[in-house]
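Asks: Could you have a look at this structure, given as structure tokens, before my questions?
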Amino acid sequence: MTAYDLAGLHLEEAGQGGPLVLCLHGIGSSSAAFVPQTGALAADHRVVAWDAPGYAKSADPERDLSLDDYADTAAEVIRARGTGAHVVGVSWGGVIALRLATRHPDLVASLTVADSTPGSGTSPEKAAAMRARVPELESLGPRAFAERRGPRLLSEEAPPELVRHVVDTMADSVRPSGYRQAAESMARTDLRGELAHVTAPTLVLCGEKDRITGPDASQVLAGGLHRTAYVIVKDAGHLANQEQPERFNAWLLSHLHIVTDTRTTKG
């Protein structure tokens, strides 16, 4: 049993067969963030993208959730499908994915961690900045909050229609209760000491023009993991998977192909 009732969790699913891919979105988004990946993956994979607890179409948690609770909820999504999963996490979703890999290593076939970080608990300043987002959301409301924060998730060269899509997705996804718990889970987390315990092969991706977490944070992840490849996605901001989907998908599919072949050969 987990702290969150899976009956309230909204999942978007695509694909009829092949390896399972679980997609975990960032703190200001939803399953809609992975539409550019679903089309590329669904022909040969079963793709599941969640609306995290307290986001978009998912019910609010009945009590506060920790990072472990989010990871355990993701683990139950995988277990319900009777197999391990290749887990793709963007930003906050990448932090959840890494904790999932240390708490439930038997369920994680591989990781793809994009534009992520070891958490906001790596310094008091970062933790305070993360917590400060919550009163900002409460004061402005989801739409104005999204209008203020959304454009920075992309590079300055991003097309206006993509900026609008990102802003609309955030406005439709965030609610104060869910966002507060997500922000607190980030503010309390510093993964640097546990990266060496991740056994799953991991692809670390980062947008070249990421203005939120930036390449430095992704380099910390790549440097702390044992089985990893590190890639800069050219001409992409923080949401590299949406701003440069063809480049992102090419690296993701290559990673999945390599790790799947390796597992098949060993089997």
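Identifiers in the structure tokens: chain A, B, ... in order shown; residue index from 1 per chain; ligand index from 1 in order shown.
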Can you check which residues of segment 18-192 of chain A DSSP gives as strand (DSSP E) on the backbone and send them as a list in words?

Replies: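 Reading the DSSP output for segment 18-192 of chain A, strand (DSSP E) covers Leu20, Val21, Leu22, Cys23, Leu24, Arg46, Val47, Val48, Ala49, Trp50, Ala85, His86, Val87, Val88, Gly89, Val90, Val108, Ala109, Ser110, Leu111, Thr112, Val113 and Ala114 of chain A.
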
Asks: Sorted by chain and rising residue number, list the residues of segment 157-200 of chain A at most 12 Å from segment 227-237 of chain A (counting only C-alpha atoms), each with its closest atom pair and distance in Å to one decimal, as JSON lines.

Replies:
{"residue": "A:Glu157", "atom": "CA", "partner": "A:Asp235", "partner_atom": "CA", "distance": 8.2}
{"residue": "A:Ala158", "atom": "CA", "partner": "A:Ala236", "partner_atom": "CA", "distance": 8.2}
{"residue": "A:Pro159", "atom": "CA", "partner": "A:Ala236", "partner_atom": "CA", "distance": 11.5}
{"residue": "A:Leu162", "atom": "CA", "partner": "A:Gly237", "partner_atom": "CA", "distance": 11.8}
{"residue": "A:Val163", "atom": "CA", "partner": "A:Gly237", "partner_atom": "CA", "distance": 11.3}
{"residue": "A:Leu195", "atom": "CA", "partner": "A:Arg227", "partner_atom": "CA", "distance": 10.4}
{"residue": "A:Ala196", "atom": "CA", "partner": "A:Arg227", "partner_atom": "CA", "distance": 9.3}
{"residue": "A:His197", "atom": "CA", "partner": "A:Arg227", "partner_atom": "CA", "distance": 10.5}
{"residue": "A:Val198", "atom": "CA", "partner": "A:Arg227", "partner_atom": "CA", "distance": 8.4}
{"residue": "A:Thr199", "atom": "CA", "partner": "A:Arg227", "partner_atom": "CA", "distance": 7.2}
{"residue": "A:Ala200", "atom": "CA", "partner": "A:Arg227", "partner_atom": "CA", "distance": 7.0}

Asks: For the selection you just gave me, I'd like the residues written to a file as a PDB file, in the first residue's frame, keeping all heavy atoms.

Replies:
ATOM      1  N   GLU A 157      14.635  31.461 -27.995  1.00  0.00           N
ATOM      2  CA  GLU A 157      14.321  31.300 -29.419  1.00  0.00           C
ATOM      3  C   GLU A 157      13.120  30.395 -29.659  1.00  0.00           C
ATOM      4  O   GLU A 157      12.752  30.124 -30.812  1.00  0.00           O
ATOM      5  CB  GLU A 157      15.531  30.722 -30.160  1.00  0.00           C
ATOM      6  CG  GLU A 157      16.755  31.630 -30.188  1.00  0.00           C
ATOM      7  CD  GLU A 157      17.521  31.639 -28.878  1.00  0.00           C
ATOM      8  OE1 GLU A 157      17.453  30.612 -28.156  1.00  0.00           O
ATOM      9  OE2 GLU A 157      18.173  32.653 -28.566  1.00  0.00           O
ATOM     10  N   ALA A 158      12.485  29.911 -28.614  1.00  0.00           N
ATOM     11  CA  ALA A 158      11.352  28.993 -28.775  1.00  0.00           C
ATOM     12  C   ALA A 158      10.203  29.680 -29.516  1.00  0.00           C
ATOM     13  O   ALA A 158       9.925  30.865 -29.295  1.00  0.00           O
ATOM     14  CB  ALA A 158      10.867  28.511 -27.420  1.00  0.00           C
ATOM     15  N   PRO A 159       9.515  28.967 -30.392  1.00  0.00           N
ATOM     16  CA  PRO A 159       8.399  29.571 -31.130  1.00  0.00           C
ATOM     17  C   PRO A 159       7.251  29.943 -30.202  1.00  0.00           C
ATOM     18  O   PRO A 159       6.994  29.258 -29.204  1.00  0.00           O
ATOM     19  CB  PRO A 159       7.989  28.468 -32.111  1.00  0.00           C
ATOM     20  CG  PRO A 159       8.528  27.202 -31.536  1.00  0.00           C
ATOM     21  CD  PRO A 159       9.757  27.568 -30.788  1.00  0.00           C
ATOM     22  N   LEU A 162       4.765  27.258 -29.045  1.00  0.00           N
ATOM     23  CA  LEU A 162       5.236  26.325 -28.019  1.00  0.00           C
ATOM     24  C   LEU A 162       5.203  26.988 -26.645  1.00  0.00           C
ATOM     25  O   LEU A 162       4.815  26.355 -25.657  1.00  0.00           O
ATOM     26  CB  LEU A 162       6.647  25.837 -28.343  1.00  0.00           C
ATOM     27  CG  LEU A 162       7.272  24.879 -27.315  1.00  0.00           C
ATOM     28  CD1 LEU A 162       6.410  23.632 -27.136  1.00  0.00           C
ATOM     29  CD2 LEU A 162       8.696  24.490 -27.725  1.00  0.00           C
ATOM     30  N   VAL A 163       5.594  28.256 -26.589  1.00  0.00           N
ATOM     31  CA  VAL A 163       5.513  28.984 -25.322  1.00  0.00           C
ATOM     32  C   VAL A 163       4.076  28.986 -24.812  1.00  0.00           C
ATOM     33  O   VAL A 163       3.816  28.723 -23.632  1.00  0.00           O
ATOM     34  CB  VAL A 163       6.026  30.428 -25.484  1.00  0.00           C
ATOM     35  CG1 VAL A 163       5.838  31.211 -24.184  1.00  0.00           C
ATOM     36  CG2 VAL A 163       7.502  30.430 -25.902  1.00  0.00           C
ATOM     37  N   LEU A 195      23.369   8.732  -5.387  1.00  0.00           N
ATOM     38  CA  LEU A 195      23.499   8.478  -6.822  1.00  0.00           C
ATOM     39  C   LEU A 195      24.322   7.224  -7.100  1.00  0.00           C
ATOM     40  O   LEU A 195      24.035   6.480  -8.045  1.00  0.00           O
ATOM     41  CB  LEU A 195      24.134   9.687  -7.508  1.00  0.00           C
ATOM     42  CG  LEU A 195      23.307  10.974  -7.519  1.00  0.00           C
ATOM     43  CD1 LEU A 195      24.128  12.125  -8.102  1.00  0.00           C
ATOM     44  CD2 LEU A 195      22.019  10.786  -8.310  1.00  0.00           C
ATOM     45  N   ALA A 196      25.332   6.981  -6.300  1.00  0.00           N
ATOM     46  CA  ALA A 196      26.196   5.820  -6.529  1.00  0.00           C
ATOM     47  C   ALA A 196      25.458   4.503  -6.319  1.00  0.00           C
ATOM     48  O   ALA A 196      25.943   3.448  -6.754  1.00  0.00           O
ATOM     49  CB  ALA A 196      27.412   5.885  -5.606  1.00  0.00           C
ATOM     50  N   HIS A 197      24.296   4.556  -5.678  1.00  0.00           N
ATOM     51  CA  HIS A 197      23.526   3.337  -5.421  1.00  0.00           C
ATOM     52  C   HIS A 197      22.534   3.016  -6.533  1.00  0.00           C
ATOM     53  O   HIS A 197      21.855   1.988  -6.481  1.00  0.00           O
ATOM     54  CB  HIS A 197      22.787   3.456  -4.084  1.00  0.00           C
ATOM     55  CG  HIS A 197      23.697   3.686  -2.913  1.00  0.00           C
ATOM     56  ND1 HIS A 197      24.599   2.748  -2.473  1.00  0.00           N
ATOM     57  CD2 HIS A 197      23.854   4.779  -2.123  1.00  0.00           C
ATOM     58  CE1 HIS A 197      25.269   3.230  -1.444  1.00  0.00           C
ATOM     59  NE2 HIS A 197      24.834   4.462  -1.202  1.00  0.00           N
ATOM     60  N   VAL A 198      22.426   3.893  -7.523  1.00  0.00           N
ATOM     61  CA  VAL A 198      21.547   3.629  -8.667  1.00  0.00           C
ATOM     62  C   VAL A 198      22.217   2.592  -9.560  1.00  0.00           C
ATOM     63  O   VAL A 198      23.334   2.807 -10.048  1.00  0.00           O
ATOM     64  CB  VAL A 198      21.266   4.918  -9.458  1.00  0.00           C
ATOM     65  CG1 VAL A 198      20.471   4.615 -10.723  1.00  0.00           C
ATOM     66  CG2 VAL A 198      20.515   5.932  -8.592  1.00  0.00           C
ATOM     67  N   THR A 199      21.558   1.472  -9.772  1.00  0.00           N
ATOM     68  CA  THR A 199      22.136   0.397 -10.582  1.00  0.00           C
ATOM     69  C   THR A 199      21.629   0.403 -12.021  1.00  0.00           C
ATOM     70  O   THR A 199      22.247  -0.223 -12.884  1.00  0.00           O
ATOM     71  CB  THR A 199      21.818  -0.967  -9.956  1.00  0.00           C
ATOM     72  OG1 THR A 199      20.394  -1.121  -9.828  1.00  0.00           O
ATOM     73  CG2 THR A 199      22.455  -1.086  -8.571  1.00  0.00           C
ATOM     74  N   ALA A 200      20.540   1.081 -12.287  1.00  0.00           N
ATOM     75  CA  ALA A 200      19.970   1.088 -13.638  1.00  0.00           C
ATOM     76  C   ALA A 200      20.835   1.917 -14.580  1.00  0.00           C
ATOM     77  O   ALA A 200      21.315   2.991 -14.204  1.00  0.00           O
ATOM     78  CB  ALA A 200      18.554   1.655 -13.614  1.00  0.00           C
TER      79      ALA A 200
END

Asks: Determine the nearest neighbour of Thr202 of chain A from the options A:Pro151, A:Pro19, A:Gly224, A:Gly214, counting only C-alpha atoms.

Replies: A:Gly224

Asks: Got a sec: who's within 10 Å of Asp72 of chain A, counting only C-alpha atoms, leaving out chain neighbours fewer than 5 positions off, as JSON, numbers by chain?

Replies: {"A": [1, 2, 3, 4, 66, 67, 77, 78, 96, 99, 100, 103, 104]}

Asks: Can you write out as CSV which residues of segment 91-190 of chain A fall within 8 Å of segment 30-46 of chain A, alongside each residue's closest atom pair and its distance in Å to one decimal, counting only C-alpha atoms and ordering rows by chain and ascending residue number?

Replies:
residue,atom,partner,partner_atom,distance
A:Thr169,CA,A:Ala32,CA,7.0
A:Met170,CA,A:Ser30,CA,7.6
A:Ser173,CA,A:Ser30,CA,5.9

Asks: Can you measure atom CA of Cys23 of chain A to atom CA of Trp50 of chain A for me? One decimal in Å is fine.

Replies: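 Between atom CA of Cys23 of chain A and atom CA of Trp50 of chain A the gap is 6.7 Å.
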
Asks: Tell me, in Å to one decimal, how far atom CA of Val174 of chain A is from atom CA of Gly54 of chain A.

Replies: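 Taking atom CA of Val174 of chain A and atom CA of Gly54 of chain A, their separation equals 7.8 Å.
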
Asks: In segment 13-150 of chain A, what's helix (DSSP H, G or I) per DSSP? Answer as a ChimeraX atom specification?

Replies: /A:31-41,67-79,92-103,105-107,120-122,124-140,142-150

Asks: Can you pull out the residues contacting Gly89 of chain A? Cut-off 12 Å, using only C-alpha atoms, and skip same-chain residues under 3 positions away; I want them as a short mmCIF file (atom, residue, chain, number, x, y, z; two decimals) with N, CA, C and O atoms, in the first residue's frame.

Replies:
data_model
loop_
_atom_site.label_atom_id
_atom_site.label_comp_id
_atom_site.auth_asym_id
_atom_site.auth_seq_id
_atom_site.Cartn_x
_atom_site.Cartn_y
_atom_site.Cartn_z
N VAL A 21 7.34 1.91 -20.76
CA VAL A 21 8.01 3.19 -20.50
C VAL A 21 7.09 4.03 -19.63
O VAL A 21 5.95 4.32 -20.02
N LEU A 22 7.57 4.43 -18.46
CA LEU A 22 6.80 5.28 -17.56
C LEU A 22 7.39 6.68 -17.58
O LEU A 22 8.59 6.86 -17.36
N CYS A 23 6.55 7.69 -17.84
CA CYS A 23 7.00 9.07 -17.99
C CYS A 23 6.50 9.91 -16.81
O CYS A 23 5.30 9.94 -16.52
N LEU A 24 7.43 10.62 -16.17
CA LEU A 24 7.15 11.43 -14.99
C LEU A 24 7.49 12.89 -15.29
O LEU A 24 8.64 13.22 -15.56
N HIS A 25 6.50 13.75 -15.22
CA HIS A 25 6.66 15.15 -15.65
C HIS A 25 7.28 16.03 -14.58
O HIS A 25 7.46 15.62 -13.42
N GLY A 26 7.55 17.26 -14.97
CA GLY A 26 8.13 18.24 -14.07
C GLY A 26 7.12 18.88 -13.15
O GLY A 26 5.91 18.65 -13.25
N ILE A 27 7.60 19.75 -12.28
CA ILE A 27 6.78 20.29 -11.20
C ILE A 27 5.69 21.23 -11.69
O ILE A 27 4.70 21.47 -10.99
N SER A 29 3.88 20.81 -14.67
CA SER A 29 3.34 20.24 -15.89
C SER A 29 2.39 19.07 -15.60
O SER A 29 1.83 18.96 -14.53
N SER A 30 2.25 18.20 -16.58
CA SER A 30 1.35 17.05 -16.48
C SER A 30 1.75 16.03 -17.54
O SER A 30 2.77 16.18 -18.22
N SER A 31 0.93 15.02 -17.70
CA SER A 31 1.19 14.01 -18.72
C SER A 31 1.26 14.62 -20.12
O SER A 31 1.90 14.06 -21.03
N ALA A 33 3.01 16.85 -21.13
CA ALA A 33 4.40 17.18 -21.47
C ALA A 33 5.03 16.14 -22.38
O ALA A 33 6.02 16.43 -23.07
N PHE A 34 4.48 14.91 -22.39
CA PHE A 34 5.12 13.82 -23.11
C PHE A 34 4.43 13.46 -24.42
O PHE A 34 4.75 12.43 -25.02
N GLN A 37 6.83 12.59 -27.11
CA GLN A 37 7.51 11.29 -26.99
C GLN A 37 6.56 10.13 -27.27
O GLN A 37 6.99 9.08 -27.78
N VAL A 48 3.23 4.90 -20.57
CA VAL A 48 2.33 5.39 -19.52
C VAL A 48 2.90 6.71 -19.01
O VAL A 48 4.07 6.77 -18.61
N ALA A 49 2.10 7.76 -19.04
CA ALA A 49 2.50 9.07 -18.50
C ALA A 49 1.48 9.47 -17.44
O ALA A 49 0.28 9.44 -17.70
N TRP A 50 1.98 9.82 -16.27
CA TRP A 50 1.03 10.18 -15.21
C TRP A 50 0.81 11.68 -15.10
O TRP A 50 1.63 12.48 -15.54
N ALA A 52 0.86 13.59 -11.93
CA ALA A 52 1.30 13.30 -10.56
C ALA A 52 0.18 13.58 -9.56
O ALA A 52 -0.74 14.36 -9.83
N ALA A 71 7.73 8.25 -5.25
CA ALA A 71 8.45 7.12 -5.84
C ALA A 71 7.68 5.82 -5.63
O ALA A 71 7.59 4.98 -6.54
N ALA A 74 4.76 5.67 -8.04
CA ALA A 74 5.23 5.27 -9.36
C ALA A 74 5.54 3.78 -9.41
O ALA A 74 5.26 3.10 -10.41
N HIS A 86 11.15 1.14 -18.16
CA HIS A 86 12.13 2.17 -18.48
C HIS A 86 11.49 3.49 -18.06
O HIS A 86 10.41 3.84 -18.55
N TRP A 92 11.59 17.71 -11.94
CA TRP A 92 11.12 17.04 -10.73
C TRP A 92 10.86 15.56 -10.99
O TRP A 92 11.16 14.71 -10.14
N GLY A 93 10.33 15.24 -12.16
CA GLY A 93 10.11 13.83 -12.51
C GLY A 93 11.39 13.03 -12.52
O GLY A 93 11.39 11.84 -12.19
N GLY A 94 12.51 13.67 -12.89
CA GLY A 94 13.79 12.99 -12.84
C GLY A 94 14.24 12.71 -11.42
O GLY A 94 14.85 11.66 -11.14
N VAL A 95 13.95 13.61 -10.50
CA VAL A 95 14.28 13.40 -9.09
C VAL A 95 13.47 12.22 -8.54
O VAL A 95 14.00 11.35 -7.84
N ILE A 96 12.19 12.18 -8.88
CA ILE A 96 11.36 11.04 -8.47
C ILE A 96 11.91 9.75 -9.06
O ILE A 96 11.99 8.72 -8.38
N ALA A 97 12.29 9.79 -10.33
CA ALA A 97 12.79 8.60 -11.01
C ALA A 97 14.05 8.06 -10.33
O ALA A 97 14.21 6.83 -10.16
N LEU A 98 14.95 8.94 -9.94
CA LEU A 98 16.18 8.50 -9.28
C LEU A 98 15.88 7.88 -7.92
O LEU A 98 16.48 6.86 -7.56
N ARG A 99 14.97 8.47 -7.16
CA ARG A 99 14.60 7.86 -5.88
C ARG A 99 13.89 6.52 -6.11
O ARG A 99 14.10 5.56 -5.37
N LEU A 100 13.05 6.44 -7.11
CA LEU A 100 12.40 5.18 -7.48
C LEU A 100 13.45 4.10 -7.75
O LEU A 100 13.30 2.95 -7.33
N ALA A 101 14.53 4.48 -8.44
CA ALA A 101 15.56 3.51 -8.80
C ALA A 101 16.34 3.00 -7.60
O ALA A 101 16.86 1.88 -7.63
N SER A 110 15.74 0.86 -16.84
CA SER A 110 16.66 1.93 -17.19
C SER A 110 16.05 3.26 -16.79
O SER A 110 14.85 3.34 -16.50
N LEU A 111 16.88 4.29 -16.79
CA LEU A 111 16.44 5.65 -16.49
C LEU A 111 16.84 6.59 -17.62
O LEU A 111 17.92 6.44 -18.20
N THR A 112 15.97 7.54 -17.90
CA THR A 112 16.33 8.71 -18.69
C THR A 112 15.94 9.92 -17.85
O THR A 112 14.76 10.10 -17.52
N VAL A 113 16.93 10.71 -17.48
CA VAL A 113 16.72 11.84 -16.57
C VAL A 113 17.07 13.12 -17.34
O VAL A 113 18.22 13.32 -17.73
N ALA A 114 16.07 13.95 -17.56
CA ALA A 114 16.24 15.11 -18.43
C ALA A 114 16.10 16.43 -17.67
O ALA A 114 15.12 16.61 -16.93
N ASP A 115 17.07 17.32 -17.84
CA ASP A 115 17.01 18.66 -17.26
C ASP A 115 16.63 18.60 -15.79
O ASP A 115 15.73 19.29 -15.34
N SER A 116 17.34 17.75 -15.07
CA SER A 116 16.99 17.50 -13.68
C SER A 116 18.09 17.99 -12.75
O SER A 116 18.96 18.77 -13.14
N THR A 117 18.05 17.52 -11.52
CA THR A 117 18.86 18.07 -10.44
C THR A 117 18.93 17.04 -9.31
O THR A 117 18.07 16.16 -9.24
N THR A 202 21.62 4.70 -17.08
CA THR A 202 20.95 6.00 -17.07
C THR A 202 21.47 6.90 -18.18
O THR A 202 22.68 7.05 -18.35
N LEU A 203 20.54 7.50 -18.90
CA LEU A 203 20.84 8.54 -19.86
C LEU A 203 20.48 9.88 -19.21
O LEU A 203 19.33 10.09 -18.81
N VAL A 204 21.45 10.76 -19.09
CA VAL A 204 21.23 12.10 -18.56
C VAL A 204 21.25 13.08 -19.72
O VAL A 204 22.25 13.18 -20.44
N LEU A 205 20.14 13.79 -19.91
CA LEU A 205 20.01 14.76 -20.99
C LEU A 205 19.81 16.15 -20.39
O LEU A 205 19.17 16.30 -19.33
N CYS A 206 20.32 17.16 -21.08
CA CYS A 206 20.10 18.53 -20.62
C CYS A 206 20.07 19.47 -21.81
O CYS A 206 20.92 19.38 -22.71
N LEU A 239 12.82 22.49 -21.03
CA LEU A 239 11.92 21.45 -21.53
C LEU A 239 12.44 20.94 -22.87
O LEU A 239 11.81 21.08 -23.91
N ALA A 240 13.61 20.32 -22.81
CA ALA A 240 14.26 19.85 -24.04
C ALA A 240 13.39 18.85 -24.79
O ALA A 240 13.41 18.81 -26.02
N ASN A 241 12.64 18.04 -24.07
CA ASN A 241 11.81 17.03 -24.73
C ASN A 241 10.70 17.64 -25.56
O ASN A 241 10.22 17.03 -26.52
N LEU A 252 16.73 9.19 -26.79
CA LEU A 252 15.93 8.30 -25.95
C LEU A 252 15.76 6.93 -26.60
O LEU A 252 15.97 5.89 -25.96
#

Asks: Pick the closest to Ala129 of chain A from A:Ala85, A:Ala109, A:Ala183, A:Ala80: which is it, counting only C-alpha atoms?

Replies: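 For Ala129 of chain A, the nearest of the given residues is A:Ala183.
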
Asks: Could you state the separation of atom CA of Asp261 of chain A and atom CA of Glu208 of chain A in Å, given to one decimal place?

Replies: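 Between atom CA of Asp261 of chain A and atom CA of Glu208 of chain A the gap is 29.1 Å.
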
Asks: Pick out the closest residue to Gly121 of chain A from this set: A:Gly82, A:Pro201, A:Gly193, A:Pro53. Count only C-alpha atoms.

Replies: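 Using only C-alpha atoms, the shortest distance to Gly121 of chain A belongs to A:Gly193.
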
Asks: Skipping near chain neighbours, those fewer than 4 positions away, what residues fall within 12 Å of Arg164 of chain A using only C-alpha atoms, listed as a list in words?

Replies: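 Returned residues: Arg143, Ala146, Glu147, Arg148, Arg149, Gly150, Pro151, Arg152, Leu153, Leu154, Ala158, Pro159, Pro160, Asp168, Thr169, Met170 and Ala171 of chain A.
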
Asks: Save out the residues we just selected, all heavy atoms, as a compact mmCIF listing (two decimals), in the first residue's frame.

Replies:
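Here's the written file again34.txt:
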# COMPACT_ATOMS: atom_id res chain seq x y z
N ARG A 143 -3.15 30.62 -13.61
CA ARG A 143 -2.95 31.22 -14.92
C ARG A 143 -1.84 32.28 -14.88
O ARG A 143 -0.91 32.25 -15.71
CB ARG A 143 -4.26 31.81 -15.44
CG ARG A 143 -4.14 32.65 -16.71
CD ARG A 143 -3.56 31.90 -17.89
NE ARG A 143 -4.34 30.73 -18.28
CZ ARG A 143 -4.04 29.96 -19.31
NH1 ARG A 143 -2.98 30.24 -20.07
NH2 ARG A 143 -4.78 28.91 -19.59
N ALA A 146 1.52 30.72 -14.28
CA ALA A 146 2.05 30.08 -15.49
C ALA A 146 2.56 31.11 -16.48
O ALA A 146 3.59 30.90 -17.14
CB ALA A 146 0.97 29.21 -16.13
N GLU A 147 1.86 32.21 -16.61
CA GLU A 147 2.30 33.27 -17.53
C GLU A 147 3.65 33.84 -17.10
O GLU A 147 4.48 34.20 -17.95
CB GLU A 147 1.26 34.39 -17.58
CG GLU A 147 -0.08 34.01 -18.17
CD GLU A 147 -0.06 33.96 -19.70
OE1 GLU A 147 0.99 34.28 -20.30
OE2 GLU A 147 -1.09 33.61 -20.29
N ARG A 148 3.89 33.88 -15.80
CA ARG A 148 5.15 34.42 -15.29
C ARG A 148 6.29 33.40 -15.43
O ARG A 148 7.39 33.76 -15.83
CB ARG A 148 5.00 34.84 -13.83
CG ARG A 148 6.29 35.31 -13.18
CD ARG A 148 6.08 35.72 -11.75
NE ARG A 148 5.30 36.95 -11.63
CZ ARG A 148 5.06 37.57 -10.47
NH1 ARG A 148 5.55 37.08 -9.34
NH2 ARG A 148 4.34 38.68 -10.45
N ARG A 149 6.03 32.13 -15.11
CA ARG A 149 7.10 31.14 -15.05
C ARG A 149 7.29 30.35 -16.35
O ARG A 149 8.41 29.94 -16.67
CB ARG A 149 6.85 30.16 -13.90
CG ARG A 149 6.84 30.79 -12.53
CD ARG A 149 6.99 29.73 -11.45
NE ARG A 149 8.29 29.08 -11.55
CZ ARG A 149 9.41 29.54 -10.98
NH1 ARG A 149 9.38 30.65 -10.26
NH2 ARG A 149 10.54 28.89 -11.12
N GLY A 150 6.22 30.13 -17.07
CA GLY A 150 6.28 29.22 -18.21
C GLY A 150 7.30 29.58 -19.28
O GLY A 150 8.06 28.70 -19.73
N PRO A 151 7.38 30.84 -19.72
CA PRO A 151 8.31 31.16 -20.81
C PRO A 151 9.77 30.85 -20.49
O PRO A 151 10.54 30.54 -21.39
CB PRO A 151 8.09 32.67 -21.01
CG PRO A 151 6.66 32.89 -20.59
CD PRO A 151 6.47 31.97 -19.42
N ARG A 152 10.16 30.91 -19.23
CA ARG A 152 11.56 30.64 -18.86
C ARG A 152 11.91 29.16 -18.98
O ARG A 152 13.09 28.80 -18.94
CB ARG A 152 11.85 31.13 -17.44
CG ARG A 152 11.77 32.63 -17.27
CD ARG A 152 12.36 33.08 -15.95
NE ARG A 152 13.80 32.87 -15.89
CZ ARG A 152 14.41 32.03 -15.07
NH1 ARG A 152 13.69 31.26 -14.25
NH2 ARG A 152 15.72 31.92 -15.06
N LEU A 153 10.92 28.31 -19.12
CA LEU A 153 11.19 26.88 -19.25
C LEU A 153 11.70 26.53 -20.65
O LEU A 153 12.14 25.39 -20.87
CB LEU A 153 9.92 26.08 -18.97
CG LEU A 153 9.32 26.27 -17.57
CD1 LEU A 153 8.04 25.47 -17.44
CD2 LEU A 153 10.31 25.89 -16.49
N LEU A 154 11.65 27.48 -21.55
CA LEU A 154 12.11 27.28 -22.92
C LEU A 154 13.24 28.27 -23.22
O LEU A 154 13.45 29.22 -22.47
CB LEU A 154 10.96 27.49 -23.90
CG LEU A 154 9.75 26.57 -23.71
CD1 LEU A 154 8.54 27.12 -24.44
CD2 LEU A 154 10.07 25.16 -24.17
N ALA A 158 12.48 29.91 -28.61
CA ALA A 158 11.35 28.99 -28.78
C ALA A 158 10.20 29.68 -29.52
O ALA A 158 9.92 30.87 -29.30
CB ALA A 158 10.87 28.51 -27.42
N PRO A 159 9.51 28.97 -30.39
CA PRO A 159 8.40 29.57 -31.13
C PRO A 159 7.25 29.94 -30.20
O PRO A 159 6.99 29.26 -29.20
CB PRO A 159 7.99 28.47 -32.11
CG PRO A 159 8.53 27.20 -31.54
CD PRO A 159 9.76 27.57 -30.79
N PRO A 160 6.54 31.03 -30.52
CA PRO A 160 5.46 31.51 -29.65
C PRO A 160 4.39 30.46 -29.38
O PRO A 160 3.84 30.40 -28.28
CB PRO A 160 4.88 32.70 -30.42
CG PRO A 160 5.99 33.16 -31.30
CD PRO A 160 6.76 31.94 -31.67
N ASP A 168 -0.14 27.16 -21.14
CA ASP A 168 -1.48 26.59 -20.98
C ASP A 168 -1.43 25.27 -20.21
O ASP A 168 -2.30 25.01 -19.36
CB ASP A 168 -2.12 26.35 -22.35
CG ASP A 168 -2.54 27.65 -23.04
OD1 ASP A 168 -2.59 28.70 -22.36
OD2 ASP A 168 -2.81 27.60 -24.26
N THR A 169 -0.43 24.46 -20.50
CA THR A 169 -0.31 23.18 -19.78
C THR A 169 -0.09 23.42 -18.30
O THR A 169 -0.72 22.77 -17.45
CB THR A 169 0.86 22.36 -20.35
OG1 THR A 169 0.59 22.03 -21.71
CG2 THR A 169 1.05 21.07 -19.56
N MET A 170 0.79 24.36 -17.96
CA MET A 170 1.03 24.66 -16.55
C MET A 170 -0.23 25.19 -15.88
O MET A 170 -0.60 24.76 -14.78
CB MET A 170 2.17 25.66 -16.40
CG MET A 170 2.52 25.96 -14.95
SD MET A 170 3.83 27.21 -14.74
CE MET A 170 5.24 26.32 -15.39
N ALA A 171 -0.91 26.12 -16.54
CA ALA A 171 -2.12 26.71 -15.96
C ALA A 171 -3.19 25.66 -15.71
O ALA A 171 -3.95 25.74 -14.73
CB ALA A 171 -2.65 27.80 -16.87

Asks: Taking only C-alpha atoms into account, which of A:Tyr179, A:Leu191, A:Pro142, A:Leu11 comes nearest Val167 of chain A?

Replies: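 Going through A:Tyr179, A:Leu191, A:Pro142, A:Leu11 one by one, the smallest distance to Val167 of chain A is for A:Pro142.
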